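Peer 1: One structure is given below, represented as structure tokens, and several questions about it will come after.
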Amino acid sequence: MSVEGRTFTDLDVEGFLGAVHKLITEEAFVKGTNRGNPVFEFKQPEDLKTLIDFEIKANPSTHAAILEELTKIIKYSVKTGHPYFFNLLFSGLDPYSQAGSWVTDAVNSNMHTYETSPVFILMENYMFKKLTSIVGFDDGGGLFCPGGSASNQLALHIARFNRFPEIKKVGLYGLPRLRCYISEDGHYSLKKAGNYLGIGEENVVTILTDNSGRVLPGDLQQKVVADIEQGYIPLFVMATCGSTVLGSFDSLPELQDICRRYNMWLHCDACYGGSVLLSKQHRHLLYGIERCDSVSWNFHKMSGLPHQCAALLVKNKAILLEANCSKAEYLFQADKFYDTNYDIGDKSIQCGRKVDVLKLWTLWKAIGDLGMENRINKAFEKARYMVDLLKKSPGFRPVLPEFQCVSVSFWYIPERYRGQEETPEWWLAIHKVAPEIKRRMVEAGTLMISYQPMSSKGFVNFFRIVLHNPACNQGDMKYVIEEIDRLGKDL
């Protein structure tokens with residue numbers, strides 16, 4: 001086919017797009033969420049290379065050939081909306097936010113100036129007014145970032161600017177030695193930020209946690225005092241509300257007191273747990289969040305939106321612009337014919353910034369505040385049910401007596417190891433169980449659950465199941481128990 005002069009009104013283009021829409025609906029949405037179908041069909045990398053034609057040639061491909069490859073791409077991709085996909089902190093498929101994603105890509109806008117993106121800038125302004133109100137920031141603002149890691153790293157960037165505004169002009173030269181602090185179970189994005197912001201990974205200090213994974217404020221206090229005595233300047237604390245593995249929530253009021261005492265910026269990494277704020281029943285887990293200086297909140301996690309929808313909220317809405325603006329004259333002219341306060345691009349470190357707000361607005365508009373709250377409450381109900389189920393099932397042992405969030409961690413103990421003395425050798429054997437069961441489940445395509453060790457607690461490999469997919473029900477959780485037992489009982 002010719003590649004010149006094709007338009008969306010051409011019949012063959014219309015037919016191609018219609019076929020793609022049908023393919024997505026039937027294969028990804030309908031079959032991809034059917035319990036009777038596999039979560040995905042795993043192939044080793046070298047085998048997969050032979051199944052999909054990745055090569056781009058000089059001559060164009062036909063519509064039929066492209067459709068054939070798209071069909072295979074869906075076939076061999078993981079169906080993250082499948083009720084048996086529990087592998088990561090995101091899962092599920094939502095029709096309303098999918099619709100928002102489609103419209104976003106169709107309009108193909110850019111979140112820098114009002115003249116380019118008028119509707120979405122007004123929508124983003126509205127959503128951040130709503131979100132900061134939920135958090136409790138009276139004069140707050142925010143920005144959608146390319147992922148939660150980017151939100152956390154941007155928070156450190158603006159915290160350093162807030163303390164040392166001269167860095168914007170003269171750089172790192174002459175700055176004192178800075179220290180940042182994070183839970184030993186906190187997200188690795190802060191260490192990466194220490195690397196590329198020039199603070200240094202060794203200056204990102206880890207703070208001990210209790211048996212449930214919550215940071216110990218006393219250890220933070222001691223390490224801050226010790227750093228000051230050695231000439232460091234304590235700059236930044238990243239609290240964790242919804243840790244990646246155990247789902248733990250740090251005690252914000254105690255951390256806030258220490259931060260105020262030593263003039264440190266307190267950032268709350270609520271990428272996972274932020275949506276708990278939408279539930280009147282559970283928002284107490286983030287008690288005191290309004291006293292933080294910034295908050296990261298990922299809606300593609302517990303709220304179930306498509307990747308990605310990651311918000312950074314700040315208490316002082318002016319600081320994003322102050323820290324990041326460069327006043328590029330080809331974009332941000334002062335003599336435009338409209339109110340240039342709506343040209344929001346200069347408050348980001350990006351120029352091109354994808355529209356992430358529409359899929360959030362579309363979902364929230366469709367189900368309302370009550371629907372968003374109900375999703376969270378249902379997820380917590382499922383987590384409690386799963387813990388009870390594990391305690392009643394032979395060979396299954398929860399890692400903790402109870403969990404603060406909607407992910408549940410557990411060991412599976414094969415029949416031959418039950419009732420034995422739990423020596424170091426016994427635990428070494430249990431350490432090998434989860435990886436082998438994971439191999440079997442992935443190769444069979446029957447289930448996807450992650451596993452990991454946790455060296456900070458001395459835990460050998462264990463499974464972690466994440467339970468916020470709205471499609472997941474009690475029958476699915478029983479299936480998880482039965483399938484893991486089937487796959488692992490002979491180990």
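Chain labels run A, B, ... following the order of the structure tokens; each chain numbers its residues from 1, and ligands are numbered from 1 in the order shown.
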Determine, counting only C-alpha atoms, which protein, DNA and RNA residues have an atom within 10 Å of an atom of Tyr287 (chain A); residues of the same chain fewer than 5 positions away are not included. Present the result as a list of chain:residue names.

Peer 2: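 In the requested form, the answer reads A:Val135, A:Phe249, A:Asp250, A:Ser251, A:Leu252, A:Pro253, A:Leu277, A:His282.
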
Peer 1: Generate the output file for the selected residues, C-alpha atoms, as a JSON list (two decimals), in the first residue's frame.

Peer 2:
```json
[["chain", "number", "residue", "atom", "x", "y", "z"],
["A", 135, "VAL", "CA", -4.88, 15.81, 51.18],
["A", 249, "PHE", "CA", 2.33, 3.07, 56.57],
["A", 250, "ASP", "CA", 4.85, 5.17, 58.46],
["A", 251, "SER", "CA", 3.63, 7.30, 61.36],
["A", 252, "LEU", "CA", 3.56, 10.78, 59.82],
["A", 253, "PRO", "CA", 3.06, 12.93, 62.97],
["A", 277, "LEU", "CA", -7.39, 8.95, 51.35],
["A", 282, "HIS", "CA", -9.31, 3.82, 56.09]]
```

Peer 1: Which polymer residues have any atom within 10 Å of an atom of Gln333 (chain A), counting only C-alpha atoms, with same-chain residues fewer than 6 positions away left out, as a PDB file with N, CA, C and O atoms, in the first residue's frame?

Peer 2:
```
ATOM      1  N   LYS A 327      11.459  30.151  31.331  1.00  0.00           N
ATOM      2  CA  LYS A 327      10.875  31.245  30.548  1.00  0.00           C
ATOM      3  C   LYS A 327      11.317  31.203  29.081  1.00  0.00           C
ATOM      4  O   LYS A 327      11.730  32.212  28.513  1.00  0.00           O
ATOM      5  N   THR A 340      -1.857  34.292  30.755  1.00  0.00           N
ATOM      6  CA  THR A 340      -0.750  33.348  30.632  1.00  0.00           C
ATOM      7  C   THR A 340      -0.492  32.555  31.922  1.00  0.00           C
ATOM      8  O   THR A 340       0.391  31.694  31.940  1.00  0.00           O
ATOM      9  N   ASP A 343      -0.604  28.972  31.176  1.00  0.00           N
ATOM     10  CA  ASP A 343       0.529  28.293  30.539  1.00  0.00           C
ATOM     11  C   ASP A 343       1.342  27.634  31.645  1.00  0.00           C
ATOM     12  O   ASP A 343       2.228  28.249  32.258  1.00  0.00           O
TER      13      ASP A 343
END
```

Peer 1: Can you pull out every residue within 9 Å of Trp411 (chain A), counting only C-alpha atoms, but drop anything in the same chain fewer than 4 positions away, and send it as a PyMOL selection string?

Peer 2: chain A and resi 395-399+430+433-434+460-464

Peer 1: Keeping N, CA and C atoms, export the residues of the selection given above as an mmCIF file, in the first residue's frame.

Peer 2:
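As written to disk, result.cif reads:
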```
data_model
loop_
_atom_site.group_PDB
_atom_site.id
_atom_site.type_symbol
_atom_site.label_atom_id
_atom_site.label_comp_id
_atom_site.auth_asym_id
_atom_site.auth_seq_id
_atom_site.Cartn_x
_atom_site.Cartn_y
_atom_site.Cartn_z
ATOM 1 N N GLY A 395 -0.290 -25.472 55.032
ATOM 2 C CA GLY A 395 0.879 -25.169 54.222
ATOM 3 C C GLY A 395 1.062 -23.698 53.903
ATOM 4 N N PHE A 396 0.119 -22.855 54.275
ATOM 5 C CA PHE A 396 0.213 -21.419 53.996
ATOM 6 C C PHE A 396 0.404 -20.661 55.304
ATOM 7 N N ARG A 397 1.322 -19.699 55.285
ATOM 8 C CA ARG A 397 1.633 -18.947 56.490
ATOM 9 C C ARG A 397 1.817 -17.476 56.150
ATOM 10 N N PRO A 398 0.957 -16.576 56.658
ATOM 11 C CA PRO A 398 1.163 -15.135 56.429
ATOM 12 C C PRO A 398 2.495 -14.683 57.014
ATOM 13 N N VAL A 399 3.156 -13.776 56.326
ATOM 14 C CA VAL A 399 4.436 -13.247 56.794
ATOM 15 C C VAL A 399 4.245 -12.385 58.032
ATOM 16 N N ILE A 430 12.892 -23.629 52.155
ATOM 17 C CA ILE A 430 11.674 -22.847 51.882
ATOM 18 C C ILE A 430 11.997 -21.682 50.943
ATOM 19 N N VAL A 433 11.364 -22.519 47.378
ATOM 20 C CA VAL A 433 10.024 -22.961 46.985
ATOM 21 C C VAL A 433 9.337 -21.951 46.072
ATOM 22 N N ALA A 434 9.303 -20.687 46.481
ATOM 23 C CA ALA A 434 8.569 -19.675 45.711
ATOM 24 C C ALA A 434 9.094 -19.522 44.283
ATOM 25 N N VAL A 460 13.148 -15.143 54.082
ATOM 26 C CA VAL A 460 13.463 -15.809 52.827
ATOM 27 C C VAL A 460 12.325 -15.571 51.848
ATOM 28 N N ASN A 461 12.483 -16.008 50.602
ATOM 29 C CA ASN A 461 11.498 -15.754 49.555
ATOM 30 C C ASN A 461 10.068 -16.062 50.006
ATOM 31 N N PHE A 462 9.174 -15.133 49.719
ATOM 32 C CA PHE A 462 7.759 -15.330 50.015
ATOM 33 C C PHE A 462 6.927 -14.705 48.898
ATOM 34 N N PHE A 463 5.684 -15.109 48.811
ATOM 35 C CA PHE A 463 4.758 -14.580 47.812
ATOM 36 C C PHE A 463 4.098 -13.305 48.330
ATOM 37 N N ARG A 464 3.745 -12.430 47.385
ATOM 38 C CA ARG A 464 2.967 -11.229 47.713
ATOM 39 C C ARG A 464 1.828 -11.122 46.706
#
```

Peer 1: Among region 370-475 of chain A, which residues does DSSP mark as helix (DSSP H, G or I) when it is run on the backbone? Keep the chain and numbering as in the structure and answer as number ranges by chain.

Peer 2: A: 370-392, 415-417, 424-431, 433-444, 474-475

Peer 1: To one decimal in Å, tell me the separation between CA of Tyr479 (chain A) and CA of Val39 (chain A).

Peer 2: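 For CA of Tyr479 (chain A) relative to CA of Val39 (chain A), the distance reads 13.7 Å.
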